[in-house]
Each structure stands twice: as structure tokens, then as C-alpha cells.
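Dumped query-v6.txt below, it's compact mmCIF, C-alpha atoms and all ligand atoms:
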# COMPACT_ATOMS: atom_id res chain seq x y z
CA MET W 1 113.16 87.37 126.29
CA THR W 2 112.91 84.57 123.78
CA ARG W 3 111.21 84.62 120.46
CA PRO W 4 109.94 81.66 118.44
CA PRO W 5 112.27 80.64 115.59
CA LEU W 6 111.51 82.37 112.33
CA ARG W 7 111.94 81.05 108.86
CA ARG W 8 113.99 83.15 106.55
CA ALA W 9 112.75 83.98 103.11
CA LEU W 10 114.84 82.20 100.49
CA PRO W 11 117.53 84.39 99.00
CA ALA W 12 116.46 85.82 95.67
CA LEU W 13 119.45 84.17 93.96
CA VAL W 14 118.21 80.68 94.85
CA ALA W 15 114.74 81.54 93.58
CA ALA W 16 116.13 82.96 90.35
CA THR W 17 118.23 79.85 89.77
CA ALA W 18 115.23 77.61 90.33
CA VAL W 19 113.14 79.62 87.91
CA ALA W 20 115.87 79.21 85.32
CA LEU W 21 115.92 75.45 85.91
CA THR W 22 112.15 75.33 85.54
CA ALA W 23 112.39 77.29 82.33
CA THR W 24 114.90 74.85 80.82
CA ALA W 25 112.53 72.02 81.70
CA CYS W 26 109.79 73.56 79.57
CA GLY W 27 108.01 70.98 77.46
CA SER W 28 109.28 67.94 79.32
CA THR W 29 106.14 66.90 81.13
CA SER W 30 106.87 63.21 81.44
CA GLU W 31 108.97 63.21 84.61
CA ALA W 32 108.53 60.17 86.80
CA GLY W 33 106.12 60.54 89.66
CA THR W 34 103.83 63.12 88.12
CA SER W 35 101.04 60.75 87.17
CA SER W 36 99.57 61.11 90.67
CA ALA W 37 98.50 64.60 89.63
CA GLU W 38 96.08 63.15 87.09
CA GLY W 39 92.51 63.68 88.21
CA SER W 40 93.53 66.01 91.01
CA VAL W 41 93.06 69.73 91.44
CA VAL W 42 96.36 71.59 91.78
CA THR W 43 96.17 74.89 93.70
CA SER W 44 98.86 77.55 93.84
CA PHE W 45 99.00 78.48 97.53
CA TYR W 46 97.26 78.05 100.88
CA PRO W 47 94.12 80.24 100.75
CA ILE W 48 93.14 78.77 97.37
CA GLN W 49 93.99 75.26 98.58
CA PHE W 50 91.94 75.71 101.76
CA ALA W 51 88.85 77.04 99.97
CA THR W 52 89.07 74.30 97.34
CA GLN W 53 89.41 71.58 99.97
CA GLN W 54 86.44 72.92 101.92
CA ILE W 55 84.29 72.95 98.79
CA ALA W 56 85.53 69.66 97.29
CA GLY W 57 84.86 67.94 100.62
CA GLY W 58 87.08 64.99 99.72
CA LYS W 59 85.35 64.29 96.38
CA ILE W 60 88.53 65.28 94.49
CA PRO W 61 92.16 65.19 95.66
CA VAL W 62 93.52 68.73 96.15
CA THR W 63 97.25 69.48 96.13
CA VAL W 64 99.21 72.73 96.57
CA LEU W 65 102.32 74.07 94.81
CA THR W 66 103.53 76.25 97.72
CA LYS W 67 104.79 73.99 100.47
CA PRO W 68 103.78 74.90 104.05
CA GLY W 69 106.30 77.33 105.49
CA ALA W 70 107.50 78.63 102.13
CA GLU W 71 106.95 82.32 101.44
CA PRO W 72 104.66 82.19 98.39
CA HIS W 73 105.50 85.46 96.60
CA ASP W 74 108.90 84.19 95.49
CA LEU W 75 107.88 80.54 95.04
CA GLU W 76 110.16 78.43 92.88
CA LEU W 77 108.75 75.50 90.94
CA ALA W 78 110.55 72.20 90.42
CA PRO W 79 110.06 70.39 87.10
CA GLN W 80 107.78 67.93 88.94
CA ASP W 81 105.59 70.83 90.04
CA VAL W 82 105.19 72.00 86.47
CA GLY W 83 104.52 68.38 85.50
CA SER W 84 101.76 68.14 88.10
CA MET W 85 100.23 71.32 86.70
CA THR W 86 100.15 70.00 83.14
CA GLN W 87 98.62 66.68 84.26
CA ALA W 88 96.06 68.06 86.67
CA LYS W 89 92.34 67.88 86.10
CA LEU W 90 92.24 71.57 87.02
CA VAL W 91 94.77 74.20 88.13
CA ILE W 92 93.46 77.02 90.33
CA TYR W 93 95.64 80.10 90.86
CA ALA W 94 95.53 83.89 91.10
CA ASP W 95 97.30 85.60 88.23
CA GLY W 96 99.81 88.29 89.25
CA PHE W 97 100.69 86.88 92.69
CA GLN W 98 103.39 84.27 92.02
CA PRO W 99 105.57 84.98 88.97
CA ALA W 100 106.81 81.36 88.79
CA VAL W 101 103.24 80.05 88.60
CA ASP W 102 102.25 82.70 86.05
CA ASP W 103 105.22 81.69 83.90
CA ALA W 104 104.48 77.96 84.10
CA MET W 105 100.84 78.55 83.20
CA GLY W 106 101.92 78.92 79.57
CA GLN W 107 102.42 75.15 79.49
CA VAL W 108 99.02 74.27 80.94
CA ASP W 109 95.95 73.65 78.76
CA ALA W 110 93.89 76.84 79.18
CA ALA W 111 90.72 74.75 79.31
CA LYS W 112 91.97 73.23 82.58
CA VAL W 113 92.75 76.48 84.39
CA LEU W 114 90.77 78.66 86.77
CA ASP W 115 92.27 82.10 87.48
CA VAL W 116 90.46 83.53 90.51
CA ALA W 117 91.99 87.00 90.18
CA ASP W 118 88.91 88.26 88.34
CA SER W 119 86.37 87.06 90.90
CA ALA W 120 88.61 88.44 93.67
CA GLN W 121 88.05 91.99 92.34
CA LEU W 122 91.63 93.16 92.76
CA THR W 123 90.84 96.85 92.80
CA LEU W 124 93.90 98.00 94.75
CA THR W 125 97.31 98.35 93.15
CA ALA W 126 100.71 98.30 94.79
CA ALA W 127 101.21 102.00 94.07
CA GLU W 128 97.87 103.07 95.54
CA GLU W 129 98.41 101.58 98.92
CA ASP W 130 102.16 101.75 99.24
CA SER W 131 103.63 105.14 98.53
CA HIS W 132 106.96 104.47 100.20
CA ASP W 133 110.31 104.68 98.52
CA HIS W 134 111.14 101.56 96.56
CA ALA W 135 114.64 102.51 95.50
CA GLY W 136 116.01 99.05 96.31
CA GLU W 137 113.50 97.24 94.16
CA SER W 138 114.73 96.01 90.80
CA GLU W 139 112.68 96.71 87.69
CA SER W 140 112.54 93.05 86.74
CA ASP W 141 110.78 92.10 89.99
CA HIS W 142 107.52 93.57 88.90
CA ALA W 143 107.77 94.88 85.36
CA ALA W 144 106.52 91.69 83.73
CA HIS W 145 103.57 91.22 86.07
CA SER W 146 100.44 92.96 87.17
CA SER W 147 100.81 95.47 89.97
CA ASP W 148 97.41 94.54 91.42
CA ASP W 149 97.41 93.84 95.14
CA PRO W 150 96.76 90.06 95.23
CA HIS W 151 95.91 89.66 98.95
CA PHE W 152 92.15 89.13 98.46
CA TRP W 153 91.74 86.37 101.08
CA LEU W 154 92.31 88.77 103.98
CA ASP W 155 88.95 90.34 103.10
CA PRO W 156 86.29 87.68 103.90
CA GLN W 157 83.91 89.14 101.31
CA ARG W 158 86.44 88.89 98.48
CA TYR W 159 87.39 85.41 99.70
CA SER W 160 83.69 84.43 99.55
CA ALA W 161 83.47 85.56 95.94
CA VAL W 162 86.52 83.44 95.09
CA ALA W 163 85.00 80.44 96.90
CA ARG W 164 81.82 80.82 94.82
CA ALA W 165 83.89 80.88 91.63
CA ILE W 166 85.75 77.73 92.68
CA ALA W 167 82.46 75.96 93.50
CA ALA W 168 80.94 76.96 90.16
CA ARG W 169 83.95 75.58 88.29
CA LEU W 170 84.07 72.30 90.23
CA SER W 171 80.34 71.84 89.57
CA LYS W 172 80.74 72.55 85.88
CA ASP W 173 83.59 70.04 85.56
CA ASP W 174 81.88 67.40 87.74
CA PRO W 175 78.08 67.85 87.51
CA ALA W 176 77.43 64.57 89.34
CA ASN W 177 78.72 66.14 92.56
CA ALA W 178 77.43 69.66 91.95
CA ALA W 179 74.95 69.51 94.84
CA THR W 180 77.74 68.62 97.26
CA TYR W 181 79.97 71.46 96.04
CA SER W 182 77.10 73.90 96.32
CA THR W 183 76.25 72.81 99.88
CA ASN W 184 79.90 72.96 100.93
CA ALA W 185 80.34 76.40 99.37
CA ASP W 186 77.28 77.68 101.22
CA ALA W 187 78.74 76.43 104.50
CA PHE W 188 82.15 77.96 103.77
CA VAL W 189 80.70 81.31 102.75
CA GLY W 190 78.49 81.18 105.84
CA ARG W 191 81.57 80.87 108.06
CA LEU W 192 83.23 83.75 106.20
CA THR W 193 80.12 85.88 106.70
CA VAL W 194 80.26 85.27 110.45
CA LEU W 195 83.96 86.16 110.45
CA ASP W 196 83.28 89.34 108.47
CA ALA W 197 80.68 90.41 111.06
CA GLU W 198 83.16 89.76 113.88
CA PHE W 199 85.77 91.99 112.21
CA GLU W 200 83.19 94.68 111.52
CA LYS W 201 82.12 94.73 115.15
CA GLY W 202 85.57 94.31 116.67
CA LEU W 203 87.14 97.12 114.65
CA SER W 204 84.22 99.55 114.72
CA SER W 205 85.50 101.69 117.57
CA CYS W 206 89.28 101.88 117.92
CA GLY W 207 91.69 104.42 119.34
CA SER W 208 93.75 104.32 116.14
CA LYS W 209 93.14 103.34 112.52
CA VAL W 210 96.80 103.22 111.49
CA VAL W 211 98.14 99.70 110.92
CA VAL W 212 101.89 99.43 110.31
CA THR W 213 102.63 96.00 108.81
CA SER W 214 105.72 94.10 107.73
CA HIS W 215 104.68 93.82 104.06
CA ALA W 216 101.65 95.46 102.51
CA ALA W 217 99.33 92.43 102.64
CA PHE W 218 96.41 94.02 104.46
CA GLY W 219 95.14 96.54 101.91
CA TYR W 220 91.78 94.85 101.30
CA LEU W 221 91.29 94.08 104.98
CA SER W 222 92.05 97.73 105.84
CA GLN W 223 89.73 99.00 103.14
CA ARG W 224 86.90 96.72 104.31
CA TYR W 225 87.10 97.76 107.96
CA GLY W 226 88.11 101.41 107.66
CA LEU W 227 91.75 101.04 108.66
CA GLU W 228 94.80 102.70 107.11
CA GLN W 229 97.63 100.32 106.19
CA HIS W 230 101.29 101.30 105.92
CA GLY W 231 103.52 98.43 104.78
CA ILE W 232 107.19 98.66 105.76
CA SER W 233 108.03 96.52 102.73
CA GLY W 234 105.94 96.74 99.57
CA ILE W 235 103.28 94.44 98.23
CA SER W 236 105.88 91.64 98.20
CA PRO W 237 108.16 91.02 101.20
CA GLU W 238 111.10 90.87 98.79
CA ALA W 239 110.79 94.59 98.08
CA GLU W 240 113.07 95.85 100.84
CA PRO W 241 112.51 99.35 102.19
CA SER W 242 115.16 102.04 101.72
CA ALA W 243 116.64 103.96 104.64
CA ALA W 244 114.44 106.90 103.64
CA GLY W 245 111.38 104.62 103.57
CA LEU W 246 112.16 103.32 107.07
CA GLN W 247 112.60 106.89 108.31
CA GLN W 248 109.28 107.87 106.77
CA ILE W 249 107.50 104.98 108.51
CA SER W 250 109.17 105.78 111.83
CA ASP W 251 108.10 109.43 111.52
CA LEU W 252 104.54 108.31 110.83
CA VAL W 253 104.59 105.97 113.85
CA ARG W 254 105.63 108.86 116.12
CA LYS W 255 103.22 111.36 114.57
CA GLU W 256 100.22 109.02 114.71
CA LYS W 257 101.26 107.65 118.14
CA VAL W 258 101.19 104.09 116.77
CA THR W 259 101.86 101.71 119.67
CA THR W 260 102.19 98.42 117.77
CA ILE W 261 104.23 97.33 114.76
CA TYR W 262 102.98 94.14 113.11
CA GLN W 263 105.41 91.47 111.98
CA GLU W 264 104.49 88.18 110.30
CA THR W 265 105.39 84.50 110.53
CA LEU W 266 106.98 83.62 107.16
CA VAL W 267 109.26 86.64 106.80
CA GLU W 268 112.17 87.71 108.97
CA PRO W 269 111.11 90.69 111.11
CA LYS W 270 114.29 92.78 110.88
CA PHE W 271 112.61 95.87 109.37
CA ALA W 272 109.64 95.67 111.71
CA GLU W 273 112.13 95.39 114.59
CA THR W 274 114.08 98.39 113.32
CA VAL W 275 110.96 100.55 113.28
CA ALA W 276 109.80 99.28 116.68
CA THR W 277 113.21 99.87 118.25
CA SER W 278 113.58 103.38 116.86
CA THR W 279 110.08 104.44 117.95
CA GLY W 280 109.55 102.52 121.17
CA ALA W 281 106.52 100.70 119.72
CA THR W 282 105.74 97.07 120.59
CA LEU W 283 105.99 94.19 118.11
CA ALA W 284 102.95 91.95 117.57
CA THR W 285 102.04 89.40 114.91
CA LEU W 286 99.56 89.98 112.11
CA ASP W 287 99.57 86.95 109.85
CA PRO W 288 98.91 87.42 106.11
CA ILE W 289 97.95 83.70 106.02
CA GLU W 290 100.05 82.97 102.96
CA GLY W 291 100.78 79.58 104.51
CA ILE W 292 100.03 77.70 107.75
CA THR W 293 102.94 76.36 109.81
CA SER W 294 103.54 75.27 113.39
CA GLU W 295 104.33 78.95 114.07
CA SER W 296 100.89 80.08 112.93
CA ALA W 297 98.48 81.22 115.63
CA GLY W 298 95.89 78.64 114.62
CA LYS W 299 95.48 75.52 112.52
CA ASP W 300 93.53 77.04 109.64
CA TYR W 301 92.44 80.30 108.00
CA PHE W 302 89.57 80.93 110.40
CA GLU W 303 91.63 80.43 113.55
CA VAL W 304 94.48 82.63 112.33
CA MET W 305 92.05 85.35 111.18
CA ARG W 306 90.51 85.42 114.67
CA SER W 307 94.00 85.68 116.12
CA ASN W 308 94.62 88.59 113.72
CA LEU W 309 91.44 90.28 114.90
CA ALA W 310 92.51 89.97 118.52
CA ALA W 311 95.95 91.40 117.65
CA LEU W 312 94.35 94.35 115.85
CA GLU W 313 91.87 95.05 118.65
CA LYS W 314 94.74 95.13 121.15
CA GLY W 315 97.21 97.10 119.03
CA LEU W 316 94.64 99.67 117.86
CA ASN W 317 93.07 100.05 121.28
CA CYS W 318 89.58 99.02 120.18
CA ARG W 319 86.64 98.90 122.56
ZN ZN C 401 101.95 88.90 100.52
Structure rendered as C-alpha cells:
Amino acid sequence: MTRPPLRRALPALVAATAVALTATACGSTSEAGTSSAEGSVVTSFYPIQFATQQIAGGKIPVTVLTKPGAEPHDLELAPQDVGSMTQAKLVIYADGFQPAVDDAMGQVDAAKVLDVADSAQLTLTAAEEDSHDHAGESESDHAAHSSDDPHFWLDPQRYSAVARAIAARLSKDDPANAATYSTNADAFVGRLTVLDAEFEKGLSSCGSKVVVTSHAAFGYLSQRYGLEQHGISGISPEAEPSAAGLQQISDLVRKEKVTTIYQETLVEPKFAETVATSTGATLATLDPIEGITSESAGKDYFEVMRSNLAALEKGLNCR
């Protein structure tokens, strides 16, 4: 049996080195090639980029800091990236998701920043939804940052609220095009409302409610549709599970008769495979949509979400 090639998450050492390089570049915002960022909106990662593009409708150039195929939690920023942030018309990000972006934000004019974390209503924390052993996780990974679960976009209602906030800000900054932004936001939220109804219906009557995922990205989705998420890794894929944590998950899989373990596209599936192998469960893909690549089951958020719904309906034995 063959499997599509999977991208490996960058080793933490490389990320740490890059962060250090970025830090030493603090204050030098005049690198060549950054002037193209002037007048554009810089977004931190795919779901924010996608919503902003849908709402801007081509009226403003929209760029993204997290390159397609890169795992966004441990993003590293090059000096040019920080330069593009300082020169942008507006930077849109979610505080507490990407430490490198949070750190660089100190150099950006606060008047040119939109943090969507507030409108996303991040009511879940890492501890609440992920009680597994995190012995392997270093203090420095999370100590300096919020422990809120950032994965708001996997709940269409939270994503709608973020889209409204983006539209309001674009309209405020560019009143001449406010009507366009408002119309585009209505259309985008309308599509999210349809998607929300499809999830509600599709997951209303399932044989199981227990969703075992690669990393704990589906807390808001699970809360919205009455499912129970257990992430093998924590809120970030970098937080590797301990042997005891893996055992605990495997015990749960047997006890709850879970038939499907969900892996994802941007992170190597070794822990998901371990649990599947030890329990006899099947592997399927549930995509946290932290980036779209050629391996994604769809070309945009909506297509991949519908693929996720199909994977959940199958794995949870929904009628
Ligand atoms: Zn994630």
C-alpha cells in the first residue's frame, strides 16, 4: 500500500535558530525588496489570508507570512518577513498562535494591526481540552504565550465572527470601498452558514462522538457539533506525546471502540500510526486547514472542510 508523501515539520532547532536571527535583525526594516509590502495587507497564516482575500475581493493586495506547506505553529520569520510587516498597510494575525509573529509584532505600529483573537472568542484553553501527559514539552514552548486554543477557523461560526471583524477594519481603513467589503463579507459569511448547517446535519446522529486526532486542533469544531476530541499531541503538533500519553490514548480507543484515528497533512503521522497499529484502528485524514498544499483534499477552506465532514461521517459511523 502506498501513501502520499508527507512533509515533515521543521526540526525545532532550525526554528529556534531562525527566531534568533530574526531577533538580531530587530530595528533594521530597510532590507531590499520589502517596499512591495507597502499598501498591502499582510496576514499571518492561511485561514486569515483566505478570509481577507475573499473580503478584499482584489481591492487590496493580500500576502501571507506562512508559506503554503509550512506548519504554522512553529513558523520562523526571515528579516524580509518582519520588514513586510512593518511596511504593510495593515497586519492581521491571531495573538497566541504563532510565537514568531507575536514576537515580531513589537516592531509593528499598533495602529496598523488587527488581532482577530478577540473576535474569535477563544474560550477553550490547551489544558481544558487536552488532559494528556505533556512530560516531553519544554516550559519555554508555551510559558511566554497564551494557552488559549487558537483553532477558531474550524468552527464556521467563530470564523464568521473573524470575517466580520476583518471586513469592519478594511472598511474603516478604506471607506471608499466599504460597500464592496460589506457585500463580500456577507457572501463569505453566507457560505460559512451553509457549511455550518451541513456539519450540524451530518454529525447529528453518529455511532460515536469520540474523535482521536493527531494534534488537538478540533476543539471548537468538536464543541460546536457535540463531539469529544482527544488530541494525540497537544494544542501544537510540536508537543510530542509521552509513552504514557500514547498508552492512555490507545486505552481510550479500545474502551470507546474508536474505529478511526485521524492524521493530518502538514505533520508526520508517526504517533497517529502508532496508536492505529496498537489498536487495530484505521487511519484517515482530518485536515486542520493550517495551510493548503497539493496534498490537501481540496483547493480552499470550503472544499477541505467538506472533505473533513465526509471523513468524520465515515469514521464516526454517522447516518
Ligand atoms: Zn494547530
Counting all atoms listed in the file, what residues are within 8 Å of ligand ZN 401 (chain C), given as number ranges by chain?
W: 72-73, 150-151, 215-217, 235-237, 288, 290
So how far away is CA of Gly96 (chain W) from CA of Glu238 (chain W), in Å?
15.0 Å
Do you have the CA of Asp186 (chain W)-CA of Ile92 (chain W) distance handy?
19.5 Å
Identify the residues within 9 Å of coordinate (99.6, 81.2, 109.2) (same frame as the file), considering all atoms listed in the file, and give the answer as a ChimeraX atom specification.
/W:69,264-266,287-301,304-305
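For Arg254 (chain W), the residues within 12 Å (counting all atoms listed in the file, excluding itself and residues fewer than 3 positions away along the chain) are Val210, Val212, Gln247, Gln248, Ile249, Ser250, Asp251, Lys257, Val258, Thr259, Thr260, Ile261, Val275, Ala276, Thr277, Ser278, Thr279, Gly280 and Ala281 of chain W.
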For CA of Leu77 (chain W) and CA of Ala100 (chain W), determine how far apart the two atoms are, in Å to one decimal place.
6.5 Å
Taking all atoms listed in the file into account, which of W:Tyr262, W:Tyr181, W:Phe97, W:Trp153 comes nearest Gln49 (chain W)?
W:Trp153
Find the residues near region 112-123 of chain W: any atom within 10 Å, counting all atoms listed in the file, skip ones fewer than 4 places away on the same chain, and give them as number ranges by chain.
W: 41-43, 48, 85-97, 105, 108, 128, 147-153, 155, 157-166, 169-170, 173, 220
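Considering the residues W:Glu268, W:Glu256, W:Glu198, W:Asp103 and counting only C-alpha atoms, Ser307 (chain W) has its shortest atom-to-atom contact with W:Glu198.
Minimum atom-to-atom distances from W:Ser222, W:Gln54, W:Asn317, W:Ser40 to Arg191 (chain W) were compared using only C-alpha atoms, and the lowest value belongs to W:Gln54.
Comparing the minimum interatomic distances between Pro68 (chain W) and each of W:Ser44, W:Ser242, W:Gln53, W:Gln223, counting all atoms listed in the file, we find that W:Ser44 sits nearest.
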